[in-house]
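Visitor: You'll find entry.txt just under this line, and it carries compact mmCIF, C-alpha atoms and all ligand atoms.
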```txt
# COMPACT_ATOMS: atom_id res chain seq x y z
CA MET A 1 80.01 -3.95 129.26
CA GLU A 2 80.03 -4.05 125.43
CA ARG A 3 83.84 -4.20 125.51
CA LEU A 4 83.78 -7.06 127.97
CA LYS A 5 81.31 -8.96 125.76
CA LYS A 6 83.65 -8.50 122.80
CA GLN A 7 86.63 -9.70 124.84
CA ILE A 8 84.76 -12.85 125.86
CA GLU A 9 83.66 -13.54 122.27
CA PHE A 10 87.23 -13.04 121.11
CA ALA A 11 88.63 -15.30 123.82
CA ASN A 12 86.10 -18.01 123.03
CA LEU A 13 87.12 -17.96 119.38
CA ASN A 14 90.50 -19.25 120.44
CA PHE A 15 88.88 -22.42 121.67
CA LEU A 16 86.80 -23.41 118.68
CA PHE A 17 88.32 -26.79 118.24
CA GLU A 18 87.29 -30.34 119.06
CA PRO A 19 89.11 -30.88 122.35
CA LYS A 20 88.18 -34.52 122.83
CA ARG A 21 89.73 -35.44 119.49
CA VAL A 22 93.11 -33.97 120.33
CA GLY A 23 95.53 -36.69 121.35
CA ARG A 24 97.94 -36.42 124.26
CA MET A 25 100.92 -37.44 122.11
CA ASN A 26 102.47 -33.98 121.83
CA PHE A 27 102.24 -31.92 124.94
CA MET A 28 104.59 -29.47 126.58
CA VAL A 29 104.83 -26.80 129.24
CA LYS A 30 106.37 -23.55 128.06
CA LYS A 31 106.86 -20.03 129.39
CA THR A 32 104.29 -17.62 127.96
CA ASN A 33 105.48 -14.99 125.53
CA HIS A 34 103.79 -11.63 125.10
CA LEU A 35 101.97 -12.70 121.92
CA GLU A 36 100.30 -15.55 123.83
CA LEU A 37 98.69 -13.41 126.55
CA ASP A 38 95.32 -13.40 124.75
CA LEU A 39 95.35 -17.17 125.11
CA VAL A 40 95.98 -16.88 128.84
CA PHE A 41 93.10 -14.40 129.06
CA GLY A 42 90.81 -16.78 127.16
CA MET A 43 91.67 -19.65 129.51
CA GLU A 44 91.21 -17.35 132.52
CA ILE A 45 87.61 -16.63 131.42
CA SER A 46 86.87 -20.31 130.93
CA CYS A 47 88.42 -21.34 134.25
CA PHE A 48 87.11 -18.51 136.44
CA PRO A 49 83.84 -17.48 134.68
CA LYS A 50 82.60 -15.48 137.69
CA GLU A 51 85.81 -13.88 138.86
CA PHE A 52 88.30 -13.69 136.01
CA TRP A 53 91.19 -11.26 135.87
CA SER A 54 90.62 -8.58 133.21
CA GLU A 55 92.68 -8.47 130.05
CA GLU A 56 94.39 -5.37 131.47
CA GLN A 57 95.32 -7.23 134.64
CA ILE A 58 96.76 -10.14 132.66
CA TYR A 59 98.80 -7.83 130.42
CA SER A 60 100.01 -5.42 133.08
CA HIS A 61 100.92 -8.15 135.56
CA HIS A 62 102.89 -9.92 132.90
CA THR A 63 105.48 -7.16 132.81
CA TYR A 64 106.70 -8.09 136.28
CA GLN A 65 105.61 -11.67 136.70
CA ASP A 66 105.58 -14.82 134.65
CA SER A 67 103.27 -17.51 133.43
CA ILE A 68 103.51 -20.91 131.84
CA ILE A 69 101.12 -22.61 129.44
CA TYR A 70 100.41 -26.32 129.02
CA TRP A 71 100.08 -27.06 125.31
CA ILE A 72 98.58 -30.16 123.71
CA GLN A 73 99.75 -29.99 120.13
CA ALA A 74 98.86 -26.42 119.06
CA HIS A 75 96.20 -25.93 121.75
CA PRO A 76 96.71 -24.17 125.08
CA VAL A 77 94.73 -26.10 127.71
CA GLY A 78 96.10 -24.92 131.06
CA TYR A 79 98.11 -22.07 132.57
CA LEU A 80 99.76 -20.96 135.76
CA ILE A 81 100.61 -17.34 136.61
CA TYR A 82 103.20 -16.71 139.29
CA MET A 83 105.57 -14.14 140.69
CA GLN A 84 108.91 -14.75 142.27
CA ASN A 85 111.85 -13.20 144.06
CA GLN A 86 115.25 -14.60 144.98
CA PHE A 87 113.84 -16.92 147.65
CA GLU A 88 110.24 -17.76 146.90
CA ILE A 89 107.50 -18.08 144.34
CA GLU A 90 103.82 -17.25 144.69
CA ILE A 91 101.25 -18.96 142.50
CA LEU A 92 98.65 -16.32 141.56
CA ARG A 93 96.38 -18.15 139.09
CA LEU A 94 96.10 -21.75 137.98
CA GLY A 95 93.49 -23.13 135.62
CA VAL A 96 92.83 -26.03 133.27
CA LEU A 97 90.10 -25.87 130.62
CA PRO A 98 87.02 -27.85 131.76
CA ASP A 99 87.31 -30.52 129.02
CA TYR A 100 90.88 -31.34 130.06
CA ARG A 101 90.53 -31.63 133.81
CA LYS A 102 91.44 -34.70 135.89
CA GLN A 103 94.30 -35.63 133.57
CA LYS A 104 97.08 -34.34 135.86
CA ILE A 105 97.62 -31.22 133.77
CA ALA A 106 97.53 -28.87 136.79
CA SER A 107 99.84 -31.28 138.65
CA GLN A 108 102.32 -31.12 135.76
CA LEU A 109 102.20 -27.31 135.68
CA ILE A 110 103.04 -27.25 139.40
CA ASP A 111 105.81 -29.83 138.92
CA PHE A 112 107.31 -27.73 136.12
CA LEU A 113 107.36 -24.67 138.38
CA LYS A 114 108.93 -26.62 141.25
CA ASN A 115 111.51 -28.33 139.05
CA THR A 116 112.66 -25.15 137.35
CA ASN A 117 113.04 -23.31 140.69
CA LYS A 118 114.48 -26.01 142.90
CA SER A 119 115.79 -23.84 145.74
CA LYS A 120 112.63 -21.78 146.23
CA ASP A 121 109.65 -22.21 148.54
CA VAL A 122 106.29 -21.97 146.77
CA PHE A 123 103.28 -20.20 148.34
CA LEU A 124 99.66 -19.72 147.33
CA GLU A 125 96.24 -18.69 148.59
CA VAL A 126 93.15 -20.73 147.86
CA ASN A 127 89.49 -20.29 148.74
CA GLU A 128 88.69 -22.72 151.55
CA LYS A 129 85.57 -23.73 149.58
CA ASN A 130 87.70 -24.83 146.60
CA THR A 131 88.15 -28.39 147.83
CA SER A 132 89.33 -29.76 144.46
CA ALA A 133 92.16 -27.21 144.33
CA ILE A 134 93.11 -27.84 147.98
CA SER A 135 93.25 -31.57 147.27
CA LEU A 136 95.43 -30.87 144.21
CA TYR A 137 97.88 -28.82 146.28
CA VAL A 138 98.02 -31.35 149.13
CA LYS A 139 98.83 -34.07 146.57
CA ALA A 140 101.54 -31.79 145.15
CA GLY A 141 103.18 -31.64 148.60
CA PHE A 142 101.81 -28.32 149.91
CA SER A 143 100.86 -27.85 153.58
CA ILE A 144 98.42 -25.43 155.15
CA VAL A 145 100.33 -22.67 156.93
CA GLY A 146 97.65 -20.07 157.66
CA LYS A 147 94.23 -18.65 157.05
CA ARG A 148 92.91 -15.20 156.02
CA LYS A 149 89.40 -14.59 157.30
CA ASN A 150 86.78 -13.00 155.01
CA TYR A 151 89.43 -12.67 152.32
CA TYR A 152 87.22 -13.06 149.24
CA GLN A 153 84.33 -10.89 148.03
CA ASP A 154 81.78 -13.45 149.21
CA LYS A 155 83.41 -13.29 152.68
CA SER A 156 84.83 -16.80 152.45
CA ASN A 157 88.23 -17.48 153.97
CA ALA A 158 91.53 -18.00 152.18
CA ILE A 159 93.82 -20.86 153.10
CA LEU A 160 97.55 -20.15 152.81
CA MET A 161 99.63 -23.08 151.59
CA LYS A 162 103.36 -23.65 151.24
CA PHE A 163 105.60 -26.11 149.46
CA SER A 164 108.96 -26.01 151.19
CA ALA A 165 112.15 -26.23 149.16
CA LEU A 166 113.42 -28.53 151.94
CA GLU A 167 110.86 -31.14 150.80
CA ARG A 168 113.09 -31.75 147.81
CA LEU A 169 116.10 -32.82 149.91
C1 LIG B 201 91.66 -27.06 140.22
C2 LIG B 201 92.12 -27.39 138.79
C3 LIG B 201 93.26 -26.43 138.41
C4 LIG B 201 92.63 -28.85 138.77
O1 LIG B 201 93.18 -29.14 137.48
P1 LIG B 201 93.35 -30.65 136.96
O2 LIG B 201 94.30 -30.63 135.83
O3 LIG B 201 92.03 -31.25 136.73
O4 LIG B 201 94.02 -31.34 138.24
P2 LIG B 201 94.83 -32.73 138.26
O5 LIG B 201 94.28 -33.65 137.22
O6 LIG B 201 96.29 -32.45 138.20
O7 LIG B 201 94.40 -33.28 139.71
C5 LIG B 201 95.33 -33.69 140.67
C6 LIG B 201 94.59 -33.98 141.97
O8 LIG B 201 93.82 -32.83 142.37
C7 LIG B 201 92.57 -33.24 142.96
N1 LIG B 201 91.44 -32.84 142.11
C8 LIG B 201 91.49 -32.23 140.91
N2 LIG B 201 90.25 -31.99 140.45
C9 LIG B 201 89.40 -32.46 141.39
C10 LIG B 201 87.97 -32.51 141.51
N3 LIG B 201 87.18 -32.02 140.55
N4 LIG B 201 87.44 -33.04 142.65
C11 LIG B 201 88.22 -33.53 143.63
N5 LIG B 201 89.59 -33.54 143.57
C12 LIG B 201 90.16 -33.00 142.47
C13 LIG B 201 92.63 -34.76 143.03
O9 LIG B 201 93.23 -35.08 144.27
C14 LIG B 201 93.57 -35.08 141.86
O10 LIG B 201 94.20 -36.31 142.01
P3 LIG B 201 93.50 -37.64 141.42
O11 LIG B 201 93.26 -37.37 139.96
O12 LIG B 201 94.53 -38.70 141.66
O13 LIG B 201 92.22 -37.83 142.17
C15 LIG B 201 90.94 -27.28 137.76
O14 LIG B 201 89.85 -28.01 138.26
C16 LIG B 201 90.49 -25.86 137.50
O15 LIG B 201 91.00 -25.20 136.58
N6 LIG B 201 89.53 -25.35 138.29
C17 LIG B 201 88.99 -23.99 138.11
C18 LIG B 201 90.02 -22.93 138.51
C19 LIG B 201 90.54 -23.15 139.92
O16 LIG B 201 89.79 -23.40 140.87
N7 LIG B 201 91.88 -22.98 140.08
C20 LIG B 201 92.56 -23.11 141.35
C21 LIG B 201 92.50 -21.80 142.05
S1 LIG B 201 93.55 -21.77 143.45
```
Mind turning the file's structure into structure tokens?
Ligand SMILES: CC(C)(COP(=O)(O)OP(=O)(O)OC[C@H]1O[C@@H](n2cnc3c(N)ncnc32)[C@H](O)[C@@H]1OP(=O)(O)O)[C@@H](O)C(=O)NCCC(=O)NCCS

Guide:
Amino acid sequence: MERLKKQIEFANLNFLFEPKRVGRMNFMVKKTNHLELDLVFGMEISCFPKEFWSEEQIYSHHTYQDSIIYWIQAHPVGYLIYMQNQFEIEILRLGVLPDYRKQKIASQLIDFLKNTNKSKDVFLEVNEKNTSAISLYVKAGFSIVGKRKNYYQDKSNAILMKFSALERL
């Protein structure tokens, strides 16, 4: 518990800046390097305060899957963790810091992933109660392709969604 408290304090330190004053002039999406994983962990805590992946999960998963970060100037404000094979990609985590939401940052992270992997289908699972995320994915061209009952700890269902590579033709 003490360790977790320290991790959260540490992660929060990375976000001690005045977000509203940061302009949108210089922004970019970039693949995460190993030294930036603490930043991903910090954003994970802010975006999923009740159900965040542990630091260990973020670090160990990173050895066989990838993530991208959305930067505004020197500040990381959004991230997307995914895994892929030859044919398809699965989005595992997607979050935007609360102060930066509703500015199409998540949409741009998804576009980056789609545009850099043009021949691959993209899949994801989302809690059926997460209506804002479902609306985001529908706008990004995803369709509902299935449902997993009682999938989450609170017994809510997961919706399976797919963006087909054929959509790009
Ligand atoms: C879901 C989340 C990633 C959206 O990020 P975002 O950068 O604000 O999303 P965008 O600005 O790209 O939104 C694109 C569309 O998604 C939908 N959307 C996003 N946030 C919404 C909200 N709070 N309520 C309703 N619809 C919403 C809208 O259709 C929006 O289009 P519009 O702006 O034209 O109305 C962000 O709210 C978040 O980090 N939430 C907590 C973590 C989470 O739930 N992640 C998804 C897990 S699968």

Visitor: Go through A:Met43, A:Thr131, A:Ser54, A:Gly146 one by one, measure the shortest atom-to-atom distance of each to His75 (chain A) using all atoms listed in the file, and give the residue with the smallest value.

Guide: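 Result for the nearest residue to His75 (chain A): A:Met43.
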
Visitor: Go through the chains and note each residue within 8 Å of ligand LIG 201 (chain B), using all atoms listed in the file, then give the set as a PyMOL selection string.

Guide: chain A and resi 47-48+78+92-98+100-108+124-127+130-140

Visitor: Which residue out of A:Val40, A:Asn117, A:Phe142, A:Glu128 has the minimum interatomic distance to Lys155 (chain A) when only C-alpha atoms are used?

Guide: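 Answer, going by the shortest atom-to-atom distance: A:Glu128.
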
Visitor: Rounded to one decimal, what separation in Å do you get between CA of Asp66 (chain A) and CA of Gly141 (chain A)?

Guide: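 So the two atoms, CA of Asp66 (chain A) and CA of Gly141 (chain A), lie 22.0 Å apart.
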
Visitor: Just give me the gap between CA of Ala165 (chain A) and CA of Asp121 (chain A) in Å, one decimal is fine.

Guide: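 Computing the Euclidean distance for CA of Ala165 (chain A) and CA of Asp121 (chain A) yields 4.8 Å.
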
Visitor: Looking at A:Ser119, A:Tyr64, A:Val29, A:Leu35, which one is nearest to Gln86 (chain A), with distances taken over all atoms listed in the file?

Guide: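 Among the listed residues, the smallest separation from Gln86 (chain A) belongs to A:Ser119.
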
Visitor: Report, in Å to a single decimal, how far apart CA of Glu44 (chain A) and CA of Met83 (chain A) are.

Guide: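 Value for the CA of Met83 (chain A)-CA of Glu44 (chain A) distance: 16.8 Å.
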
Visitor: Given only C-alpha atoms as the basis, pick out the residue of A:Leu109, A:Leu160, A:Trp71, A:Lys120 nearest to Gln84 (chain A).

Guide: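 Counting only C-alpha atoms, the residue closest to Gln84 (chain A) is A:Lys120.
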
Visitor: When you count all atoms listed in the file, which of these residues is closest to Arg148 (chain A): A:Met161, A:Lys118, A:Phe112, A:Leu39?

Guide: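 Closest candidate: A:Met161.
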
Visitor: Smallest atom-to-atom distance to Ser67 (chain A): which of A:Phe27, A:Tyr152, A:Tyr82, A:Trp53, using all atoms listed in the file?

Guide: A:Tyr82

Visitor: Got a sec: who's within 12 Å of Lys50 (chain A), counting only C-alpha atoms, leaving out chain neighbours fewer than 5 positions off, as a list of chain:residue names?

Guide: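 Near neighbours after the sequence-gap exclusion: A:Glu44, A:Ile45, A:Gln153, A:Asp154.
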
Visitor: Export C-alpha atoms of the chosen residues as a PDB file, keeping the file's coordinate frame?

Guide:
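Okay, this is what ended up in part_33.pdb:
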```
ATOM      1  CA  GLU A  44      91.210 -17.350 132.520  1.00  0.00           C
ATOM      2  CA  ILE A  45      87.610 -16.630 131.420  1.00  0.00           C
ATOM      3  CA  GLN A 153      84.330 -10.890 148.030  1.00  0.00           C
ATOM      4  CA  ASP A 154      81.780 -13.450 149.210  1.00  0.00           C
TER       5      ASP A 154
END
```

Visitor: Using all atoms listed in the file and a cutoff of 9 Å, can you tell me which residues are near (104.5, -29.1, 124.9) in the file's coordinates, and write them out as a PyMOL selection string?

Guide: chain A and resi 26-30+69-74
